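Text of structure.cif, listed as mmCIF, C-alpha atoms and all ligand atoms:
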```cif
data_upload
loop_
_atom_site.label_atom_id
_atom_site.label_comp_id
_atom_site.auth_asym_id
_atom_site.auth_seq_id
_atom_site.Cartn_x
_atom_site.Cartn_y
_atom_site.Cartn_z
CA MET A 1 0.00 0.00 0.00
CA THR A 2 1.40 3.42 -0.93
CA SER A 3 1.05 6.21 1.60
CA ILE A 4 0.12 9.67 0.37
CA THR A 5 2.00 12.59 1.88
CA PRO A 6 -0.36 15.56 2.22
CA LEU A 7 0.70 18.71 0.35
CA PRO A 8 1.87 21.58 2.55
CA ASP A 9 -1.05 23.92 3.25
CA TRP A 10 0.60 27.28 2.49
CA GLN A 11 -2.80 28.91 2.04
CA TYR A 12 -3.63 28.05 5.65
CA TRP A 13 -0.54 29.96 6.84
CA GLN A 14 -1.22 32.86 4.45
CA ARG A 15 -4.77 33.21 5.79
CA SER A 16 -3.64 32.78 9.36
CA TRP A 17 -1.03 35.58 8.91
CA ASP A 18 -3.72 37.85 7.47
CA ARG A 19 -6.09 37.20 10.41
CA GLN A 20 -3.30 37.90 12.93
CA GLN A 21 -2.41 41.19 11.19
CA GLU A 22 -6.11 42.17 10.99
CA TRP A 23 -6.42 41.83 14.75
CA TYR A 24 -4.08 44.82 14.95
CA MET A 25 -5.42 46.57 11.80
CA PRO A 26 -9.12 45.81 11.15
CA ASP A 27 -8.96 48.13 8.10
CA ARG A 28 -5.95 46.33 6.56
CA GLU A 29 -7.85 45.28 3.41
CA GLU A 30 -9.07 48.85 2.94
CA ARG A 31 -5.51 50.17 2.87
CA PHE A 32 -4.51 47.44 0.38
CA ARG A 33 -7.44 48.49 -1.83
CA VAL A 34 -6.44 52.16 -1.79
CA MET A 35 -2.82 51.17 -2.43
CA THR A 36 -3.76 48.98 -5.41
CA ASP A 37 -5.97 51.79 -6.78
CA ALA A 38 -2.97 54.12 -6.72
CA VAL A 39 -0.73 51.56 -8.47
CA GLU A 40 -3.35 51.04 -11.18
CA ALA A 41 -4.02 54.79 -11.54
CA VAL A 42 -0.38 55.77 -11.86
CA ALA A 43 1.34 52.71 -13.34
CA GLY A 44 -1.42 51.10 -15.40
CA ARG A 45 -2.66 47.49 -15.60
CA ALA A 46 0.66 45.73 -16.27
CA PRO A 47 3.15 47.37 -13.90
CA ARG A 48 6.49 46.09 -12.69
CA VAL A 49 6.19 46.31 -8.90
CA LEU A 50 8.57 45.99 -5.96
CA ASP A 51 6.90 44.64 -2.79
CA LEU A 52 9.21 45.83 -0.05
CA ALA A 53 9.35 43.79 3.18
CA CYS A 54 6.72 41.53 1.64
CA GLY A 55 6.28 39.12 4.57
CA THR A 56 4.02 36.31 3.38
CA GLY A 57 3.16 38.32 0.25
CA SER A 58 -0.23 39.78 1.22
CA ILE A 59 0.16 42.94 -0.91
CA THR A 60 1.43 40.97 -3.92
CA ASP A 61 -1.58 38.66 -3.58
CA ARG A 62 -4.07 41.57 -3.63
CA LEU A 63 -2.19 43.31 -6.43
CA LEU A 64 -2.13 40.27 -8.72
CA ARG A 65 -5.83 39.60 -8.14
CA ARG A 66 -6.59 43.13 -9.37
CA LEU A 67 -3.82 43.38 -11.98
CA PRO A 68 -3.13 39.86 -13.31
CA ASP A 69 -0.59 41.18 -15.84
CA ALA A 70 1.60 42.76 -13.17
CA GLU A 71 5.08 41.43 -12.41
CA VAL A 72 6.34 41.56 -8.82
CA THR A 73 9.72 41.38 -7.12
CA ALA A 74 9.09 40.58 -3.45
CA VAL A 75 11.86 41.37 -0.96
CA ASP A 76 12.19 40.38 2.68
CA ILE A 77 14.74 39.24 5.25
CA ASP A 78 12.63 36.77 7.24
CA PRO A 79 13.21 33.12 6.26
CA LEU A 80 9.92 31.88 7.73
CA LEU A 81 7.66 34.51 6.18
CA LEU A 82 9.48 34.08 2.85
CA THR A 83 8.92 30.30 3.04
CA ILE A 84 5.17 30.88 3.32
CA ALA A 85 5.29 33.47 0.50
CA ARG A 86 7.24 31.13 -1.80
CA GLY A 87 4.76 28.34 -1.05
CA HIS A 88 1.75 30.60 -1.61
CA PHE A 89 3.05 31.75 -5.04
CA SER A 90 4.66 28.45 -6.00
CA GLY A 91 4.73 28.09 -9.82
CA ASP A 92 3.58 31.69 -10.40
CA ARG A 93 6.12 33.09 -12.87
CA ARG A 94 4.94 36.67 -12.24
CA VAL A 95 6.52 36.67 -8.77
CA SER A 96 10.23 36.47 -7.92
CA PHE A 97 11.77 36.64 -4.46
CA VAL A 98 14.88 38.36 -3.16
CA VAL A 99 16.34 37.86 0.32
CA ALA A 100 17.76 41.21 1.42
CA ASP A 101 18.21 43.43 4.45
CA LEU A 102 16.85 46.87 3.55
CA THR A 103 19.33 48.48 5.94
CA ASP A 104 22.22 47.05 3.93
CA PRO A 105 23.47 49.86 1.63
CA GLY A 106 23.98 47.37 -1.25
CA TRP A 107 20.49 45.82 -1.17
CA THR A 108 19.31 47.26 -4.51
CA GLY A 109 22.15 45.36 -6.25
CA LEU A 110 20.34 42.09 -5.41
CA LEU A 111 17.21 43.01 -7.39
CA PRO A 112 16.58 41.47 -10.83
CA HIS A 113 15.68 44.91 -12.30
CA THR A 114 17.16 48.39 -12.04
CA SER A 115 13.83 50.18 -12.57
CA TYR A 116 10.24 49.75 -11.27
CA ASP A 117 6.88 51.37 -12.02
CA ALA A 118 5.70 51.10 -8.41
CA VAL A 119 7.10 50.26 -4.96
CA VAL A 120 4.61 49.15 -2.30
CA THR A 121 5.08 48.35 1.38
CA ALA A 122 2.94 47.90 4.50
CA THR A 123 3.48 47.64 8.25
CA ALA A 124 7.22 47.25 7.83
CA LEU A 125 9.28 50.40 7.55
CA HIS A 126 8.59 51.39 11.19
CA TRP A 127 11.19 48.69 11.96
CA LEU A 128 13.84 51.06 10.55
CA ASP A 129 15.47 53.95 12.42
CA THR A 130 15.32 57.48 11.01
CA ALA A 131 18.72 57.54 9.26
CA PRO A 132 18.45 54.17 7.41
CA LEU A 133 14.83 54.92 6.50
CA ALA A 134 15.74 58.31 5.00
CA ARG A 135 18.54 56.57 3.07
CA LEU A 136 16.10 53.89 1.89
CA TYR A 137 13.73 56.59 0.59
CA GLY A 138 16.65 57.89 -1.52
CA ASP A 139 17.28 54.33 -2.81
CA LEU A 140 13.61 54.07 -3.82
CA ALA A 141 13.74 57.37 -5.71
CA GLY A 142 16.65 55.84 -7.65
CA LEU A 143 14.74 52.62 -8.36
CA LEU A 144 11.48 54.17 -9.57
CA ARG A 145 11.16 55.34 -13.15
CA ALA A 146 10.20 59.01 -13.68
CA GLY A 147 6.48 59.20 -12.90
CA GLY A 148 6.54 55.96 -10.89
CA VAL A 149 4.76 55.70 -7.52
CA PHE A 150 5.79 54.74 -3.98
CA LEU A 151 3.16 53.67 -1.44
CA ASN A 152 3.84 53.11 2.24
CA ALA A 153 1.03 52.08 4.64
CA ASP A 154 2.40 51.99 8.16
CA HIS A 155 2.10 53.20 11.74
CA MET A 156 2.22 56.98 11.32
CA LYS A 157 0.28 59.40 13.46
CA ASP A 158 -1.43 62.70 12.97
CA GLU A 159 -0.88 64.19 16.43
CA SER A 160 -3.05 67.24 15.78
CA ALA A 161 -6.14 65.76 17.47
CA PRO A 162 -4.94 63.87 20.58
CA GLY A 163 -8.38 63.69 22.21
CA LEU A 164 -9.94 62.11 19.16
CA ASN A 165 -6.98 59.76 18.76
CA ALA A 166 -7.25 58.65 22.39
CA ALA A 167 -11.01 57.98 22.17
CA LEU A 168 -10.64 55.91 18.99
CA HIS A 169 -7.65 54.06 20.46
CA THR A 170 -9.74 53.09 23.51
CA LEU A 171 -12.54 51.74 21.29
CA HIS A 172 -9.98 49.76 19.25
CA THR A 173 -8.34 48.19 22.32
CA GLU A 174 -11.76 47.24 23.74
CA ARG A 175 -12.62 45.50 20.47
CA GLN A 176 -9.24 43.77 20.46
CA ALA A 177 -9.83 42.49 24.00
CA ARG A 178 -13.23 41.06 22.99
CA ALA A 179 -11.72 39.43 19.90
CA ARG A 180 -8.98 37.84 22.07
CA GLU A 181 -11.66 36.35 24.31
CA GLU A 182 -13.21 34.87 21.17
CA GLY A 183 -9.87 33.30 20.15
CA ALA A 184 -8.08 35.93 18.00
CA VAL A 185 -4.38 35.20 17.60
CA ASP A 186 -1.79 37.88 18.40
CA TRP A 187 1.84 38.25 17.17
CA ALA A 188 3.40 36.01 19.86
CA ASP A 189 0.70 33.32 19.52
CA TRP A 190 1.12 33.27 15.74
CA TRP A 191 4.88 32.71 15.95
CA HIS A 192 4.36 30.04 18.57
CA ALA A 193 1.92 28.19 16.29
CA ALA A 194 4.21 28.56 13.25
CA ALA A 195 7.22 27.22 15.18
CA THR A 196 5.32 24.13 16.27
CA ASP A 197 4.23 23.18 12.73
CA PRO A 198 6.74 20.57 11.41
CA LEU A 199 6.48 22.32 8.03
CA LEU A 200 7.98 25.50 9.48
CA SER A 201 9.94 24.47 12.59
CA GLU A 202 13.33 24.48 10.84
CA VAL A 203 12.90 27.94 9.27
CA ALA A 204 11.43 29.17 12.56
CA ALA A 205 14.69 28.26 14.33
CA GLU A 206 16.59 30.06 11.56
CA ARG A 207 14.35 33.12 11.95
CA PHE A 208 14.69 33.25 15.72
CA ALA A 209 18.52 33.04 15.47
CA LEU A 210 18.64 35.77 12.81
CA LEU A 211 16.00 38.26 13.94
CA GLY A 212 15.02 37.30 17.49
CA ASP A 213 12.22 35.23 18.96
CA PRO A 214 8.83 37.01 18.83
CA ARG A 215 7.28 34.40 21.17
CA ARG A 216 8.97 36.16 24.08
CA PRO A 217 8.62 39.80 25.13
CA LYS A 218 11.57 41.93 23.94
CA PRO A 219 14.05 42.84 26.69
CA PRO A 220 14.15 46.61 27.22
CA GLY A 221 16.88 48.08 25.02
CA GLU A 222 18.20 51.46 24.02
CA PRO A 223 15.44 53.91 23.00
CA ARG A 224 15.12 53.84 19.19
CA ASP A 225 15.07 56.86 16.93
CA ARG A 226 12.08 56.01 14.73
CA PRO A 227 9.89 58.54 12.93
CA SER A 228 6.21 58.30 13.88
CA ALA A 229 4.63 61.38 12.24
CA THR A 230 3.07 61.22 8.77
CA ARG A 231 4.59 64.63 8.07
CA TRP A 232 8.13 63.27 8.53
CA HIS A 233 7.53 60.72 5.76
CA VAL A 234 6.06 63.27 3.34
CA GLU A 235 8.88 65.77 3.94
CA THR A 236 11.64 63.15 3.75
CA LEU A 237 10.29 61.71 0.48
CA LEU A 238 10.26 65.20 -1.04
CA ALA A 239 13.80 65.83 0.21
CA ARG A 240 15.03 62.49 -1.18
CA GLY A 241 14.03 62.92 -4.82
CA PHE A 242 10.23 62.54 -5.08
CA SER A 243 8.31 65.28 -6.91
CA GLU A 244 5.07 65.05 -4.86
CA ALA A 245 4.03 63.26 -1.70
CA ARG A 246 0.94 63.20 0.49
CA GLN A 247 -1.19 61.13 2.79
CA LEU A 248 -3.69 59.16 0.72
CA TRP A 249 -5.55 57.37 3.53
CA CYS A 250 -5.41 57.27 7.30
CA SER A 251 -6.80 55.63 10.42
CA THR A 252 -6.18 56.69 14.02
CA SER A 253 -2.74 55.10 14.18
CA ASP A 254 -1.75 54.52 10.56
CA SER A 255 -1.39 56.34 7.25
CA LEU A 256 -0.90 55.42 3.64
CA VAL A 257 1.62 57.86 2.17
CA ALA A 258 1.97 58.09 -1.61
CA ALA A 259 4.80 59.75 -3.51
CA LEU A 260 5.43 60.32 -7.19
CA ARG A 261 8.94 60.04 -8.57
C1 LIG B 1 4.59 43.01 10.02
S1 LIG B 1 5.45 42.37 8.63
C2 LIG B 1 4.50 43.00 7.25
C3 LIG B 1 4.59 42.10 6.05
C4 LIG B 1 3.67 42.48 4.88
N1 LIG B 1 4.09 43.72 4.26
C5 LIG B 1 2.22 42.56 5.31
O1 LIG B 1 1.64 43.66 5.26
O2 LIG B 1 1.66 41.52 5.70
C6 LIG B 1 6.96 43.31 8.56
C7 LIG B 1 7.94 42.75 7.53
O3 LIG B 1 9.07 43.61 7.39
C8 LIG B 1 10.21 42.77 7.21
N2 LIG B 1 11.43 43.53 7.51
C9 LIG B 1 11.66 44.24 8.65
N3 LIG B 1 12.89 44.78 8.61
C10 LIG B 1 13.44 44.40 7.43
C11 LIG B 1 14.69 44.65 6.82
N4 LIG B 1 15.62 45.37 7.42
N5 LIG B 1 14.92 44.12 5.60
C12 LIG B 1 13.97 43.38 4.98
N6 LIG B 1 12.76 43.11 5.51
C13 LIG B 1 12.51 43.61 6.73
C14 LIG B 1 9.96 41.63 8.17
O4 LIG B 1 10.76 40.52 7.90
C15 LIG B 1 8.48 41.38 7.92
O5 LIG B 1 8.25 40.50 6.88
#
```
How does the structure come out when it is put into structure tokens?
Amino acid sequence: MTSITPLPDWQYWQRSWDRQQEWYMPDREERFRVMTDAVEAVAGRAPRVLDLACGTGSITDRLLRRLPDAEVTAVDIDPLLLTIARGHFSGDRRVSFVVADLTDPGWTGLLPHTSYDAVVTATALHWLDTAPLARLYGDLAGLLRAGGVFLNADHMKDESAPGLNAALHTLHTERQARAREEGAVDWADWWHAAATDPLLSEVAAERFALLGDPRRPKPPGEPRDRPSATRWHVETLLARGFSEARQLWCSTSDSLVAALR
């Protein structure tokens, strides 16, 4: 009797990543929709796109559903998230992957192309300190063709209405607490589950050695110099070679900033 080995269920992990991220950002799909609109509006229906810090490839997935003739280079440093992304897009010739650290000054040399129509990224660049992020924005201006578009959805605040921000934040945390009681998975839980799946345990160990172990709270370290205001992003993009930049969408804690090369 021959035994049948079940195929790895990459879609399960893709969906599970999306649910975990949505617990933090219930409007995550909305920002992907606005982002994809901007790519289509500026770069057309068959753009060459760079998905920066792609994780499991959620943006690339939404983009290719809307624009099936797009071509995507997806970049990340995390071996586990890239394993899920590679599994999710297995056999899809429109997507290629690059392992790179965006803080490494030579990272653009690893890309298969020297020019892109659009660069998209979400919930990632807040991991970078001010100086490397400003440098990265200059790199992106160099990678985008004239008229190309950069879109960054991330934690960026408009501090001009603190009372309103605080009230909405309270509502959000109450909803999060209720969702947790109903079984929603947070960041630490998700990594715990991924590390215990035999499909991912080896790359989980690799990830934890390279980037730290998200199952445990981070030990207090030096205070980081990370920009949190939407205005900083707009001004830095303009200073680093973009011709226009503005906030395209926002929630209480996050913004989508768009910039034209
Ligand atoms: C919260 S995830 C977001 C992933 C994806 N964009 C999404 O919206 O689901 C943040 C991503 O940024 C990546 N990242 C953080 N710092 C990086 C760096 N220096 N170089 C490359 N990728 C990085 C992480 O590996 C991770 O995949």
Of the candidates A:Tyr137, A:Tyr116, A:Trp13, A:Trp23, which shows the shortest atom-to-atom distance to Asp186 (chain A), using only C-alpha atoms?
A:Trp23
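Shortest separation to Trp187 (chain A) among A:Ala74, A:Arg216, A:Ala204, A:Gly221 occurs at residue A:Arg216, atoms counted being all atoms listed in the file.
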Write as a PyMOL selection string the residues around ligand LIG 1 (chain B), taking 10 Å as the cut-off and counting all atoms listed in the file.
chain A and resi 14+17-18+20-22+28-29+31-32+51-60+74-82+85+98-104+107+120-129+132-133+152-154+187+207+211
Taking the point (7.4, 31.1, 12.6) as given in the file, collect each protein or nucleic acid residue that comes within 10 Å of it, counting only C-alpha atoms, and present the set as number ranges by chain.
A: 13, 78-81, 83-84, 188-197, 199-208, 213-215
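Straight-line separation from CA of Ala146 (chain A) to CA of Arg261 (chain A): 5.4 Å.
The coordinates place CA of Asp92 (chain A) at 10.1 Å from CA of Glu71 (chain A).
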One-decimal distance in Å that lies between CA of Thr114 (chain A) and CA of Ser243 (chain A):
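Result for CA of Ser243 (chain A) versus CA of Thr114 (chain A): 19.7 Å, one decimal.
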Which protein, DNA or RNA residues are at most 12 Å from (4.2, 62.5, 13.2) in the file's coordinates when you count only C-alpha atoms, listed as number ranges by chain?
A: 154-162, 226-235, 247, 252-255
For each of A:Ala131, A:Ala177, A:Leu50, A:Ala258, take the minimum atom-to-atom distance to Leu143 (chain A), counting all atoms listed in the file, then give the residue where this is smallest.
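Going through A:Ala131, A:Ala177, A:Leu50, A:Ala258 one by one, the smallest distance to Leu143 (chain A) is for A:Leu50.
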Calculated over only C-alpha atoms, which of the candidates A:Ala245, A:Ala134, A:Ala184, A:Ala118 has the smallest distance to Gly148 (chain A)?
A:Ala118
May I ask which of the residues A:Val34, A:Pro26, A:Arg224, A:Tyr12 is the closest one to Thr130 (chain A), counting all atoms listed in the file?
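Of the candidates, the smallest distance to Thr130 (chain A) is held by A:Arg224.
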For Asp69 (chain A), list every protein, DNA or RNA residue within 10 Å, evaluated using all atoms listed in the file, and leave out those in the same chain fewer than 2 positions away; present the list as a list in words.
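In the requested form, the answer reads Gly44, Arg45, Ala46, Pro47, Arg48, Leu63, Leu64, Arg65, Arg66, Leu67, Glu71, Val72 and Arg94 of chain A.
Distances from A:His88, A:Leu111, A:Tyr24, A:Thr36 to Asp9 (chain A) were compared using all atoms listed in the file, and the smallest one belongs to A:His88.
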Extract region 70-113 of chain A from the coordinates I pasted, and write it as a compact mmCIF listing (two decimals), in the first residue's frame (atoms kept: N, CA and C atoms).
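Wrote it out as part33.txt, contents follow:
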```
# COMPACT_ATOMS: atom_id res chain seq x y z
N ALA A 70 0.48 42.14 -13.89
CA ALA A 70 1.60 42.76 -13.17
C ALA A 70 2.72 41.74 -12.98
N GLU A 71 3.92 42.27 -12.75
CA GLU A 71 5.08 41.43 -12.41
C GLU A 71 5.62 41.97 -11.10
N VAL A 72 5.95 41.08 -10.16
CA VAL A 72 6.34 41.56 -8.82
C VAL A 72 7.68 40.97 -8.38
N THR A 73 8.54 41.84 -7.86
CA THR A 73 9.72 41.38 -7.12
C THR A 73 9.39 41.58 -5.64
N ALA A 74 9.45 40.51 -4.87
CA ALA A 74 9.09 40.58 -3.45
C ALA A 74 10.35 40.38 -2.61
N VAL A 75 10.61 41.35 -1.74
CA VAL A 75 11.86 41.37 -0.96
C VAL A 75 11.55 41.24 0.52
N ASP A 76 12.30 40.41 1.22
CA ASP A 76 12.19 40.38 2.68
C ASP A 76 13.45 39.74 3.25
N ILE A 77 13.57 39.81 4.57
CA ILE A 77 14.74 39.24 5.25
C ILE A 77 14.37 37.99 6.05
N ASP A 78 13.07 37.79 6.29
CA ASP A 78 12.63 36.77 7.24
C ASP A 78 12.47 35.41 6.56
N PRO A 79 13.28 34.42 6.97
CA PRO A 79 13.21 33.12 6.26
C PRO A 79 11.87 32.40 6.41
N LEU A 80 11.20 32.59 7.55
CA LEU A 80 9.92 31.88 7.73
C LEU A 80 8.81 32.52 6.89
N LEU A 81 8.72 33.84 6.95
CA LEU A 81 7.66 34.51 6.18
C LEU A 81 7.90 34.30 4.68
N LEU A 82 9.17 34.32 4.28
CA LEU A 82 9.48 34.08 2.85
C LEU A 82 9.14 32.64 2.44
N THR A 83 9.29 31.70 3.36
CA THR A 83 8.92 30.30 3.04
C THR A 83 7.42 30.20 2.74
N ILE A 84 6.63 30.89 3.56
CA ILE A 84 5.17 30.88 3.32
C ILE A 84 4.86 31.58 1.99
N ALA A 85 5.53 32.72 1.75
CA ALA A 85 5.29 33.47 0.50
C ALA A 85 5.66 32.61 -0.71
N ARG A 86 6.81 31.96 -0.66
CA ARG A 86 7.24 31.13 -1.80
C ARG A 86 6.26 29.99 -2.02
N GLY A 87 5.75 29.42 -0.91
CA GLY A 87 4.76 28.34 -1.05
C GLY A 87 3.46 28.86 -1.64
N HIS A 88 3.02 30.02 -1.17
CA HIS A 88 1.75 30.60 -1.61
C HIS A 88 1.79 30.90 -3.12
N PHE A 89 2.95 31.38 -3.62
CA PHE A 89 3.05 31.75 -5.04
C PHE A 89 3.80 30.69 -5.85
N SER A 90 3.90 29.50 -5.33
CA SER A 90 4.66 28.45 -6.00
C SER A 90 4.17 28.26 -7.45
N GLY A 91 5.09 28.30 -8.41
CA GLY A 91 4.73 28.09 -9.82
C GLY A 91 4.23 29.34 -10.52
N ASP A 92 4.08 30.45 -9.79
CA ASP A 92 3.58 31.69 -10.40
C ASP A 92 4.78 32.48 -10.94
N ARG A 93 4.92 32.48 -12.26
CA ARG A 93 6.12 33.09 -12.87
C ARG A 93 6.11 34.62 -12.79
N ARG A 94 5.00 35.20 -12.35
CA ARG A 94 4.94 36.67 -12.24
C ARG A 94 5.66 37.18 -10.99
N VAL A 95 5.95 36.25 -10.06
CA VAL A 95 6.52 36.67 -8.77
C VAL A 95 7.93 36.11 -8.61
N SER A 96 8.90 36.98 -8.28
CA SER A 96 10.23 36.47 -7.92
C SER A 96 10.61 37.03 -6.55
N PHE A 97 11.43 36.28 -5.85
CA PHE A 97 11.77 36.64 -4.46
C PHE A 97 13.25 37.00 -4.32
N VAL A 98 13.50 37.96 -3.46
CA VAL A 98 14.88 38.36 -3.16
C VAL A 98 15.00 38.41 -1.64
N VAL A 99 16.05 37.77 -1.12
CA VAL A 99 16.34 37.86 0.32
C VAL A 99 17.30 39.03 0.50
N ALA A 100 16.88 40.05 1.23
CA ALA A 100 17.76 41.21 1.42
C ALA A 100 17.39 41.92 2.71
N ASP A 101 18.41 42.56 3.30
CA ASP A 101 18.21 43.43 4.45
C ASP A 101 18.17 44.86 3.93
N LEU A 102 17.04 45.52 4.11
CA LEU A 102 16.85 46.87 3.55
C LEU A 102 17.76 47.91 4.21
N THR A 103 18.39 47.55 5.32
CA THR A 103 19.33 48.48 5.94
C THR A 103 20.75 48.30 5.39
N ASP A 104 20.92 47.28 4.55
CA ASP A 104 22.22 47.05 3.93
C ASP A 104 22.36 48.00 2.73
N PRO A 105 23.37 48.86 2.72
CA PRO A 105 23.47 49.86 1.63
C PRO A 105 23.50 49.23 0.23
N GLY A 106 23.89 47.97 0.10
CA GLY A 106 23.98 47.37 -1.25
C GLY A 106 22.75 46.60 -1.66
N TRP A 107 21.62 46.73 -0.94
CA TRP A 107 20.49 45.82 -1.17
C TRP A 107 19.90 45.93 -2.58
N THR A 108 19.94 47.12 -3.18
CA THR A 108 19.31 47.26 -4.51
C THR A 108 20.07 46.44 -5.57
N GLY A 109 21.35 46.16 -5.32
CA GLY A 109 22.15 45.36 -6.25
C GLY A 109 21.67 43.92 -6.34
N LEU A 110 20.84 43.48 -5.40
CA LEU A 110 20.34 42.09 -5.41
C LEU A 110 19.07 41.94 -6.25
N LEU A 111 18.49 43.07 -6.66
CA LEU A 111 17.21 43.01 -7.39
C LEU A 111 17.43 42.58 -8.84
N PRO A 112 16.43 41.91 -9.43
CA PRO A 112 16.58 41.47 -10.83
C PRO A 112 16.42 42.61 -11.84
N HIS A 113 15.87 43.77 -11.40
CA HIS A 113 15.68 44.91 -12.30
C HIS A 113 16.28 46.17 -11.68
```
